[in-house]
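Visitor: Contents are compact mmCIF, C-alpha atoms; file name coords-v6.txt:
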# COMPACT_ATOMS: atom_id res chain seq x y z
CA MET A 16 -13.22 17.61 19.91
CA TYR A 17 -10.63 16.28 17.47
CA ILE A 18 -13.12 15.46 14.70
CA ARG A 19 -13.68 18.64 12.71
CA THR A 20 -16.06 19.31 9.82
CA GLU A 21 -15.69 21.98 7.17
CA GLU A 22 -17.82 23.02 4.19
CA ARG A 23 -16.64 24.69 1.01
CA GLU A 24 -18.17 24.86 -2.46
CA GLY A 25 -20.43 21.87 -1.91
CA VAL A 26 -17.67 19.68 -0.44
CA PHE A 27 -18.03 18.44 3.14
CA ASP A 28 -14.75 17.66 4.90
CA VAL A 29 -14.54 15.32 7.89
CA VAL A 30 -11.12 15.81 9.44
CA ILE A 31 -9.45 13.59 12.06
CA ASP A 32 -7.18 16.04 13.88
CA ARG A 33 -5.40 14.11 16.60
CA PRO A 34 -1.84 13.74 15.26
CA GLU A 35 -0.34 13.52 18.77
CA ARG A 36 -2.18 10.17 19.14
CA ARG A 37 -1.57 9.05 15.56
CA ASN A 38 -5.18 9.97 14.81
CA ALA A 39 -6.42 7.00 16.83
CA LEU A 40 -10.15 7.07 17.58
CA ASP A 41 -11.92 6.55 20.91
CA GLY A 42 -15.67 6.23 21.40
CA GLU A 43 -16.17 9.97 21.14
CA GLY A 44 -14.30 10.07 17.85
CA TRP A 45 -16.21 7.17 16.31
CA ARG A 46 -19.51 8.75 17.41
CA ALA A 47 -18.51 12.09 15.89
CA ILE A 48 -17.68 10.46 12.56
CA ALA A 49 -21.03 8.66 12.57
CA ALA A 50 -22.88 11.89 13.38
CA ALA A 51 -21.06 13.82 10.64
CA PHE A 52 -21.97 11.36 7.90
CA ASP A 53 -25.50 10.75 9.20
CA GLY A 54 -26.05 14.52 9.05
CA LEU A 55 -25.34 14.55 5.33
CA ARG A 56 -28.67 12.82 4.63
CA ALA A 57 -30.42 16.16 5.16
CA ARG A 58 -27.90 18.25 3.20
CA ALA A 59 -28.75 18.16 -0.48
CA ASP A 60 -26.59 21.26 -0.94
CA LEU A 61 -23.46 19.26 -0.13
CA ARG A 62 -22.42 17.19 -3.13
CA VAL A 63 -19.29 15.29 -2.07
CA ALA A 64 -17.68 14.33 1.24
CA ARG A 65 -13.96 14.00 1.86
CA LEU A 66 -12.43 12.12 4.78
CA ARG A 67 -8.93 13.23 5.66
CA SER A 68 -6.62 13.66 8.63
CA THR A 69 -3.71 15.77 9.82
CA GLY A 70 -0.15 14.67 10.49
CA ALA A 71 1.88 11.82 9.03
CA VAL A 72 -0.45 8.93 10.01
CA PHE A 73 -3.88 8.70 8.40
CA CYS A 74 -5.47 6.78 11.28
CA GLY A 75 -4.08 4.65 14.07
CA GLY A 76 -7.34 2.73 14.38
CA GLY A 77 -8.97 2.40 17.76
CA ASP A 78 -7.34 4.22 20.66
CA LEU A 79 -5.59 1.52 22.70
CA GLU A 80 -6.73 2.78 26.09
CA TRP A 81 -10.29 2.89 24.82
CA LEU A 82 -10.03 -0.58 23.28
CA ARG A 83 -8.77 -1.97 26.57
CA SER A 84 -11.49 -0.51 28.79
CA ALA A 85 -14.60 0.17 26.70
CA PRO A 86 -17.59 -2.18 27.15
CA GLY A 87 -18.72 -4.25 24.19
CA GLU A 88 -21.63 -1.99 23.31
CA GLU A 89 -19.24 0.94 23.17
CA LEU A 90 -16.89 -0.91 20.82
CA ALA A 91 -19.86 -1.25 18.46
CA GLN A 92 -19.46 2.46 17.68
CA ILE A 93 -16.83 1.43 15.14
CA GLY A 94 -19.45 -0.43 13.14
CA VAL A 95 -21.96 2.39 13.58
CA ALA A 96 -19.51 4.89 12.07
CA LEU A 97 -18.68 2.66 9.10
CA SER A 98 -22.38 2.02 8.47
CA ALA A 99 -23.02 5.78 8.50
CA MET A 100 -20.39 6.23 5.80
CA ARG A 101 -21.93 3.57 3.61
CA GLY A 102 -25.43 4.94 4.19
CA CYS A 103 -24.83 8.62 3.48
CA PRO A 104 -26.07 9.52 -0.03
CA GLN A 105 -23.05 11.61 -1.00
CA PRO A 106 -19.97 9.86 -2.36
CA ILE A 107 -16.99 9.91 0.00
CA VAL A 108 -13.42 10.50 -1.16
CA CYS A 109 -10.82 9.23 1.31
CA ARG A 110 -7.44 10.98 1.27
CA VAL A 111 -4.84 8.60 2.77
CA GLN A 112 -1.52 10.35 3.27
CA GLY A 113 0.23 7.82 5.50
CA PRO A 114 0.11 4.59 7.52
CA THR A 115 -3.32 3.28 8.51
CA TYR A 116 -4.09 0.65 11.12
CA GLY A 117 -6.98 -1.53 12.30
CA GLY A 118 -10.22 0.42 12.39
CA GLY A 119 -8.64 3.07 10.20
CA VAL A 120 -8.43 0.50 7.41
CA GLY A 121 -12.17 0.07 7.94
CA LEU A 122 -12.68 3.79 7.35
CA VAL A 123 -10.81 3.47 4.07
CA ALA A 124 -12.84 0.44 3.02
CA ALA A 125 -16.15 2.18 3.81
CA ALA A 126 -15.29 5.14 1.55
CA ASP A 127 -16.29 5.24 -2.12
CA VAL A 128 -13.13 6.56 -3.78
CA VAL A 129 -9.75 6.06 -2.09
CA VAL A 130 -6.63 7.99 -3.08
CA ALA A 131 -3.38 6.89 -1.43
CA GLY A 132 -0.18 8.91 -1.30
CA PRO A 133 3.29 7.33 -1.55
CA GLU A 134 3.65 7.03 2.24
CA ALA A 135 0.34 5.21 2.67
CA ASN A 136 0.21 1.64 3.88
CA PHE A 137 -2.50 -0.47 5.49
CA THR A 138 -2.14 -2.84 8.42
CA LEU A 139 -4.80 -4.99 10.05
CA SER A 140 -2.83 -4.97 13.28
CA GLU A 141 -5.45 -6.46 15.59
CA VAL A 142 -3.91 -9.95 15.68
CA ARG A 143 -0.73 -8.49 17.19
CA LEU A 144 -2.86 -7.18 20.08
CA GLY A 145 -4.74 -10.43 20.64
CA ILE A 146 -7.99 -9.31 19.02
CA ALA A 147 -9.57 -9.63 15.57
CA PRO A 148 -10.76 -7.08 12.95
CA ALA A 149 -14.35 -8.26 13.29
CA LEU A 150 -16.15 -4.92 13.06
CA VAL A 151 -14.33 -3.83 9.90
CA SER A 152 -14.56 -7.24 8.23
CA PRO A 153 -17.75 -6.65 6.15
CA TYR A 154 -16.27 -3.54 4.57
CA LEU A 155 -12.85 -5.06 3.86
CA ILE A 156 -14.37 -8.23 2.44
CA ALA A 157 -16.59 -6.14 0.15
CA ARG A 158 -13.50 -4.35 -1.11
CA VAL A 159 -10.84 -7.07 -1.38
CA GLY A 160 -12.66 -10.40 -1.01
CA SER A 161 -12.73 -12.87 1.84
CA ALA A 162 -9.52 -14.76 1.03
CA ARG A 163 -7.36 -11.65 0.82
CA PHE A 164 -9.00 -10.15 3.93
CA ARG A 165 -8.28 -13.34 5.85
CA ALA A 166 -4.63 -13.34 4.76
CA TRP A 167 -4.15 -9.67 5.66
CA ALA A 168 -5.86 -10.17 9.04
CA LEU A 169 -3.79 -13.27 9.87
CA LEU A 170 -0.47 -11.79 8.79
CA GLY A 171 -0.94 -8.39 10.45
CA ALA A 172 1.67 -7.00 8.05
CA PRO A 173 1.67 -3.65 6.19
CA VAL A 174 0.29 -3.55 2.65
CA ASP A 175 1.68 -0.72 0.55
CA GLY A 176 -0.43 1.58 -1.60
CA PRO A 177 0.24 -0.04 -5.00
CA SER A 178 -0.48 -3.52 -3.59
CA ALA A 179 -3.65 -2.21 -1.96
CA GLN A 180 -4.69 -0.77 -5.33
CA VAL A 181 -4.20 -4.12 -7.03
CA ALA A 182 -6.29 -5.73 -4.25
CA GLY A 183 -9.11 -3.20 -4.63
CA LEU A 184 -8.83 -1.34 -1.33
CA VAL A 185 -7.29 1.73 -3.01
CA ASP A 186 -8.62 3.26 -6.22
CA VAL A 187 -5.59 5.42 -7.06
CA ALA A 188 -2.10 5.09 -5.60
CA THR A 189 -0.17 8.19 -6.58
CA THR A 190 3.06 10.09 -6.10
CA GLN A 191 3.47 13.00 -3.72
CA PRO A 192 3.53 15.73 -6.40
CA GLU A 193 0.28 14.36 -7.85
CA PHE A 194 -1.46 13.44 -4.59
CA ASP A 195 -3.67 16.44 -3.90
CA ARG A 196 -4.29 17.02 -7.59
CA VAL A 197 -5.67 13.50 -7.92
CA VAL A 198 -7.88 13.99 -4.85
CA ALA A 199 -9.21 17.27 -6.27
CA GLU A 200 -9.78 15.65 -9.67
CA ALA A 201 -11.80 12.84 -8.09
CA ILE A 202 -13.96 15.38 -6.28
CA GLU A 203 -14.49 17.34 -9.48
CA HIS A 204 -15.57 14.22 -11.37
CA LEU A 205 -18.05 13.39 -8.62
CA ARG A 206 -19.46 16.92 -8.68
CA ARG A 207 -20.36 16.36 -12.33
CA GLY A 208 -22.52 13.37 -11.42
CA GLU A 209 -26.24 13.89 -10.82
CA PRO A 210 -26.89 13.61 -7.05
CA GLU A 211 -29.69 11.03 -7.09
CA ALA A 212 -27.84 8.90 -9.62
CA LEU A 213 -24.79 8.91 -7.34
CA ALA A 214 -26.96 8.02 -4.36
CA ALA A 215 -28.60 5.20 -6.32
CA ILE A 216 -25.20 3.71 -7.06
CA LYS A 217 -24.33 3.81 -3.36
CA ARG A 218 -27.57 1.96 -2.55
CA LEU A 219 -26.86 -0.90 -4.93
CA PRO A 220 -26.36 -4.17 -3.05
CA ARG A 221 -22.93 -5.79 -3.08
CA GLU A 222 -24.10 -8.52 -5.47
CA GLY A 223 -25.84 -6.03 -7.81
CA LEU A 224 -29.47 -6.24 -8.96
CA ASP A 225 -31.22 -8.86 -11.00
CA THR A 226 -32.41 -7.84 -14.47
CA ALA A 227 -35.97 -6.91 -13.48
CA GLU A 228 -34.88 -4.82 -10.49
CA ALA A 229 -32.17 -3.11 -12.53
CA ALA A 230 -34.62 -2.25 -15.32
CA THR A 231 -37.06 -0.80 -12.80
CA LEU A 232 -34.34 1.36 -11.24
CA LEU A 233 -33.19 2.57 -14.66
CA ALA A 234 -36.76 3.43 -15.69
CA THR A 235 -37.35 5.31 -12.43
CA LEU A 236 -34.19 7.38 -12.81
CA ARG A 237 -34.91 8.01 -16.49
CA ALA A 238 -38.38 9.40 -15.73
CA ARG A 239 -36.99 12.32 -13.74
CA ASP A 240 -36.36 15.81 -15.09
CA ALA A 241 -32.70 15.33 -14.25
CA PHE A 242 -32.32 12.81 -17.09
CA ALA A 243 -33.72 15.27 -19.62
CA GLU A 244 -31.36 17.92 -18.26
CA GLY A 245 -28.40 15.58 -18.58
CA ILE A 246 -29.28 14.84 -22.22
CA ALA A 247 -29.73 18.54 -22.98
CA ALA A 248 -26.42 19.43 -21.35
CA ARG A 249 -24.63 16.76 -23.38
CA ARG A 250 -26.17 17.94 -26.64
CA GLU A 251 -25.53 21.60 -25.92
CA ARG A 252 -22.01 20.92 -24.67
CA ARG A 253 -22.54 22.74 -21.38
CA PRO A 254 -22.38 21.81 -17.71
CA ALA A 255 -25.57 20.32 -16.29
CA ARG A 256 -27.47 22.48 -13.78
CA TRP A 257 -26.50 20.31 -10.83
CA GLU A 258 -22.84 21.08 -11.38
CA GLY A 259 -23.46 24.53 -9.97
CA ARG A 260 -21.40 26.45 -12.48
Show me the file's structure as structure tokens.
Guide:
Amino acid sequence: MYIRTEEREGVFDVVIDRPERRNALDGEGWRAIAAAFDGLRARADLRVARLRSTGAVFCGGGDLEWLRSAPGEELAQIGVALSAMRGCPQPIVCRVQGPTYGGGVGLVAAADVVVAGPEANFTLSEVRLGIAPALVSPYLIARVGSARFRAWALLGAPVDGPSAQVAGLVDVATTQPEFDRVVAEAIEHLRRGEPEALAAIKRLPREGLDTAEAATLLATLRARDAFAEGIAARRERRPARWEGR
């Protein structure tokens, strides 16, 4: 199977390792991604997830042979995988080293922190194939807004990393010498966050909470021992216990 998972020091890696096919995903690949992120719900020991791939292309989107022949219910696996990413409690850092197409742009949009290298670009290429980026649309619209999503989907043209950062799809567009350092720095910052607080942020609805709901959430989080530990760590100028150091 070309989707690999690795664990090290509380970081869970999901690796797309199919460079000979430009890391394009068929039904098996989408299901494996969904299973990997769904499995994180039961892994409190894993603090951060990282989605990355091998080779020059981050993700070629859906495998063309699979897109041509798969029944509609099978195509839905794209949406299932993206939903699993949004639903897993751990924050996901996406390392984008190169060009990304179609469903691969959906993977990027479903992640929480996106770092793009200098060779990264993003193309909603579906219109050139006679289809539409319907399954990735909720995640792209949440990231860049409906007007910009519509323009990108209609044009089917590459968007470079700096432009994608301005649009909100990418969080940091960086140079090659700084690329992996920036990814590692993002992971380190996330490891300093308290796990349930991070998960609560991921559960917030797109439009945010009204005042009463927000106050209730804040009071609930504040009542936990973790809040007292965070205050103590700040006052004593030491790492909090959840940092694991």
Visitor: Fewer than 2 positions away in the same chain doesn't count, so skip those; otherwise give me all residues within 12 Å of region 215-218 of chain A, counting only C-alpha atoms, as a ChimeraX atom specification.
Guide: /A:100-107,125-128,208-213,220-224,229,232-233,235-236
Visitor: Leaving out region 175-187 of chain A and any residue of its chain fewer than 6 positions from it, which residues lie within 12 Å of it when counting all atoms listed in the file, given as a PDB file with C-alpha atoms, in the coordinates of the input?
Guide:
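out_36.pdb was written with the following content:
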ATOM      1  CA  VAL A 108     -13.420  10.500  -1.160  1.00  0.00           C
ATOM      2  CA  CYS A 109     -10.820   9.230   1.310  1.00  0.00           C
ATOM      3  CA  ARG A 110      -7.440  10.980   1.270  1.00  0.00           C
ATOM      4  CA  VAL A 111      -4.840   8.600   2.770  1.00  0.00           C
ATOM      5  CA  GLN A 112      -1.520  10.350   3.270  1.00  0.00           C
ATOM      6  CA  GLY A 113       0.230   7.820   5.500  1.00  0.00           C
ATOM      7  CA  PRO A 114       0.110   4.590   7.520  1.00  0.00           C
ATOM      8  CA  THR A 115      -3.320   3.280   8.510  1.00  0.00           C
ATOM      9  CA  VAL A 120      -8.430   0.500   7.410  1.00  0.00           C
ATOM     10  CA  GLY A 121     -12.170   0.070   7.940  1.00  0.00           C
ATOM     11  CA  LEU A 122     -12.680   3.790   7.350  1.00  0.00           C
ATOM     12  CA  VAL A 123     -10.810   3.470   4.070  1.00  0.00           C
ATOM     13  CA  ALA A 124     -12.840   0.440   3.020  1.00  0.00           C
ATOM     14  CA  ALA A 125     -16.150   2.180   3.810  1.00  0.00           C
ATOM     15  CA  ALA A 126     -15.290   5.140   1.550  1.00  0.00           C
ATOM     16  CA  ASP A 127     -16.290   5.240  -2.120  1.00  0.00           C
ATOM     17  CA  VAL A 128     -13.130   6.560  -3.780  1.00  0.00           C
ATOM     18  CA  VAL A 129      -9.750   6.060  -2.090  1.00  0.00           C
ATOM     19  CA  VAL A 130      -6.630   7.990  -3.080  1.00  0.00           C
ATOM     20  CA  ALA A 131      -3.380   6.890  -1.430  1.00  0.00           C
ATOM     21  CA  GLY A 132      -0.180   8.910  -1.300  1.00  0.00           C
ATOM     22  CA  PRO A 133       3.290   7.330  -1.550  1.00  0.00           C
ATOM     23  CA  GLU A 134       3.650   7.030   2.240  1.00  0.00           C
ATOM     24  CA  ALA A 135       0.340   5.210   2.670  1.00  0.00           C
ATOM     25  CA  ASN A 136       0.210   1.640   3.880  1.00  0.00           C
ATOM     26  CA  PHE A 137      -2.500  -0.470   5.490  1.00  0.00           C
ATOM     27  CA  THR A 138      -2.140  -2.840   8.420  1.00  0.00           C
ATOM     28  CA  TYR A 154     -16.270  -3.540   4.570  1.00  0.00           C
ATOM     29  CA  LEU A 155     -12.850  -5.060   3.860  1.00  0.00           C
ATOM     30  CA  ILE A 156     -14.370  -8.230   2.440  1.00  0.00           C
ATOM     31  CA  ALA A 157     -16.590  -6.140   0.150  1.00  0.00           C
ATOM     32  CA  ARG A 158     -13.500  -4.350  -1.110  1.00  0.00           C
ATOM     33  CA  VAL A 159     -10.840  -7.070  -1.380  1.00  0.00           C
ATOM     34  CA  GLY A 160     -12.660 -10.400  -1.010  1.00  0.00           C
ATOM     35  CA  SER A 161     -12.730 -12.870   1.840  1.00  0.00           C
ATOM     36  CA  ALA A 162      -9.520 -14.760   1.030  1.00  0.00           C
ATOM     37  CA  ARG A 163      -7.360 -11.650   0.820  1.00  0.00           C
ATOM     38  CA  PHE A 164      -9.000 -10.150   3.930  1.00  0.00           C
ATOM     39  CA  ALA A 166      -4.630 -13.340   4.760  1.00  0.00           C
ATOM     40  CA  TRP A 167      -4.150  -9.670   5.660  1.00  0.00           C
ATOM     41  CA  GLU A 193       0.280  14.360  -7.850  1.00  0.00           C
ATOM     42  CA  PHE A 194      -1.460  13.440  -4.590  1.00  0.00           C
ATOM     43  CA  ASP A 195      -3.670  16.440  -3.900  1.00  0.00           C
ATOM     44  CA  ARG A 196      -4.290  17.020  -7.590  1.00  0.00           C
ATOM     45  CA  VAL A 197      -5.670  13.500  -7.920  1.00  0.00           C
ATOM     46  CA  VAL A 198      -7.880  13.990  -4.850  1.00  0.00           C
ATOM     47  CA  GLU A 200      -9.780  15.650  -9.670  1.00  0.00           C
ATOM     48  CA  ALA A 201     -11.800  12.840  -8.090  1.00  0.00           C
TER      49      ALA A 201
END
Visitor: Between A:Asp225, A:Glu258, A:Glu43, A:Asp28, which one has atoms that come closest to Gln92 (chain A), using only C-alpha atoms?
Guide: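 Looking only at the distances to Gln92 (chain A), the closest residue turns out to be A:Glu43.
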Visitor: Write out as an NGL selection string each polymer residue whose atoms come within 9 Å of Gly245 (chain A), counting only C-alpha atoms; drop sequence neighbours fewer than 2 positions from it.
Guide: :A and (209 or 240-243 or 247-250 or 254-256)
Visitor: Between A:Gly70, A:Val29, A:Asp41, A:Phe52, which one has atoms that come closest to Ala85 (chain A), using all atoms listed in the file?
Guide: A:Asp41
Visitor: Tell me, in Å to one decimal, how far CA of Gly76 (chain A) is from CA of Leu55 (chain A).
Guide: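 For CA of Gly76 (chain A) relative to CA of Leu55 (chain A), the distance reads 23.4 Å.
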Visitor: For a test of reading the model, state the distance in Å between CA of Ala49 (chain A) and CA of Ile31 (chain A), rounded to one decimal.
Guide: 12.6 Å
Visitor: Between A:Arg165, A:Arg253, A:Arg36, A:Arg23, single out the one closest to Val72 (chain A), counting only C-alpha atoms.
Guide: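 Of A:Arg165, A:Arg253, A:Arg36, A:Arg23, the one nearest Val72 (chain A), counting only C-alpha atoms, is A:Arg36.
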Visitor: Could the centre and edge lengths of an axis-aligned box, enclosing all atoms of region 173-179 of chain A in the file with 8 Å extra on each side, be given in Å to one decimal as JSON?
Guide:
{"center_x": -1.0, "center_y": -1.0, "center_z": 0.6, "size_x": 21.3, "size_y": 21.2, "size_z": 27.2}
Visitor: How would region 81-146 of chain A look written as a compact mmCIF listing (two decimals), in the first residue's frame with C-alpha atoms?
Guide:
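Generated file (out-v4.txt):
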# COMPACT_ATOMS: atom_id res chain seq x y z
CA TRP A 81 -9.95 5.38 -11.01
CA LEU A 82 -11.85 8.60 -11.74
CA ARG A 83 -12.91 7.23 -15.11
CA SER A 84 -14.22 3.88 -13.89
CA ALA A 85 -15.18 4.16 -10.21
CA PRO A 86 -18.92 4.22 -9.36
CA GLY A 87 -20.33 7.32 -7.70
CA GLU A 88 -20.36 5.84 -4.22
CA GLU A 89 -16.68 5.03 -4.60
CA LEU A 90 -15.86 8.59 -5.64
CA ALA A 91 -17.39 9.70 -2.34
CA GLN A 92 -14.26 8.34 -0.63
CA ILE A 93 -12.62 11.67 -1.43
CA GLY A 94 -15.12 13.46 0.79
CA VAL A 95 -14.83 10.77 3.47
CA ALA A 96 -11.06 11.27 3.66
CA LEU A 97 -11.33 15.07 3.88
CA SER A 98 -14.00 14.78 6.57
CA ALA A 99 -11.74 12.45 8.57
CA MET A 100 -8.99 15.08 8.47
CA ARG A 101 -11.31 17.79 9.73
CA GLY A 102 -12.74 15.51 12.41
CA CYS A 103 -9.53 14.17 13.93
CA PRO A 104 -8.75 15.99 17.21
CA GLN A 105 -5.04 16.47 16.52
CA PRO A 106 -3.94 19.45 14.42
CA ILE A 107 -2.61 18.50 10.99
CA VAL A 108 0.42 20.15 9.41
CA CYS A 109 0.53 19.75 5.63
CA ARG A 110 3.98 19.83 4.00
CA VAL A 111 3.55 20.80 0.33
CA GLN A 112 6.81 20.44 -1.56
CA GLY A 113 5.54 20.67 -5.14
CA PRO A 114 2.61 20.90 -7.56
CA THR A 115 -0.81 19.83 -6.28
CA TYR A 116 -3.89 19.07 -8.35
CA GLY A 117 -7.62 18.51 -7.91
CA GLY A 118 -8.35 16.36 -4.89
CA GLY A 119 -4.84 17.04 -3.62
CA VAL A 120 -5.80 20.69 -3.21
CA GLY A 121 -8.67 19.39 -1.09
CA LEU A 122 -6.17 17.60 1.16
CA VAL A 123 -4.32 20.87 1.62
CA ALA A 124 -7.52 22.76 2.40
CA ALA A 125 -8.62 20.17 4.98
CA ALA A 126 -5.35 20.50 6.92
CA ASP A 127 -4.94 22.97 9.79
CA VAL A 128 -1.51 24.47 9.08
CA VAL A 129 -0.13 24.47 5.53
CA VAL A 130 3.53 25.10 4.71
CA ALA A 131 4.40 25.43 1.03
CA GLY A 132 7.87 25.17 -0.45
CA PRO A 133 9.05 27.30 -3.39
CA GLU A 134 8.05 24.66 -5.97
CA ALA A 135 4.50 24.35 -4.66
CA ASN A 136 1.53 25.39 -6.75
CA PHE A 137 -2.15 24.52 -6.66
CA THR A 138 -4.40 23.70 -9.60
CA LEU A 139 -8.09 22.84 -9.58
CA SER A 140 -7.66 20.95 -12.82
CA GLU A 141 -11.05 19.21 -12.95
CA VAL A 142 -12.57 21.56 -15.52
CA ARG A 143 -9.87 20.55 -18.02
CA LEU A 144 -11.09 16.94 -17.66
CA GLY A 145 -14.77 17.77 -18.02
CA ILE A 146 -15.64 17.40 -14.33
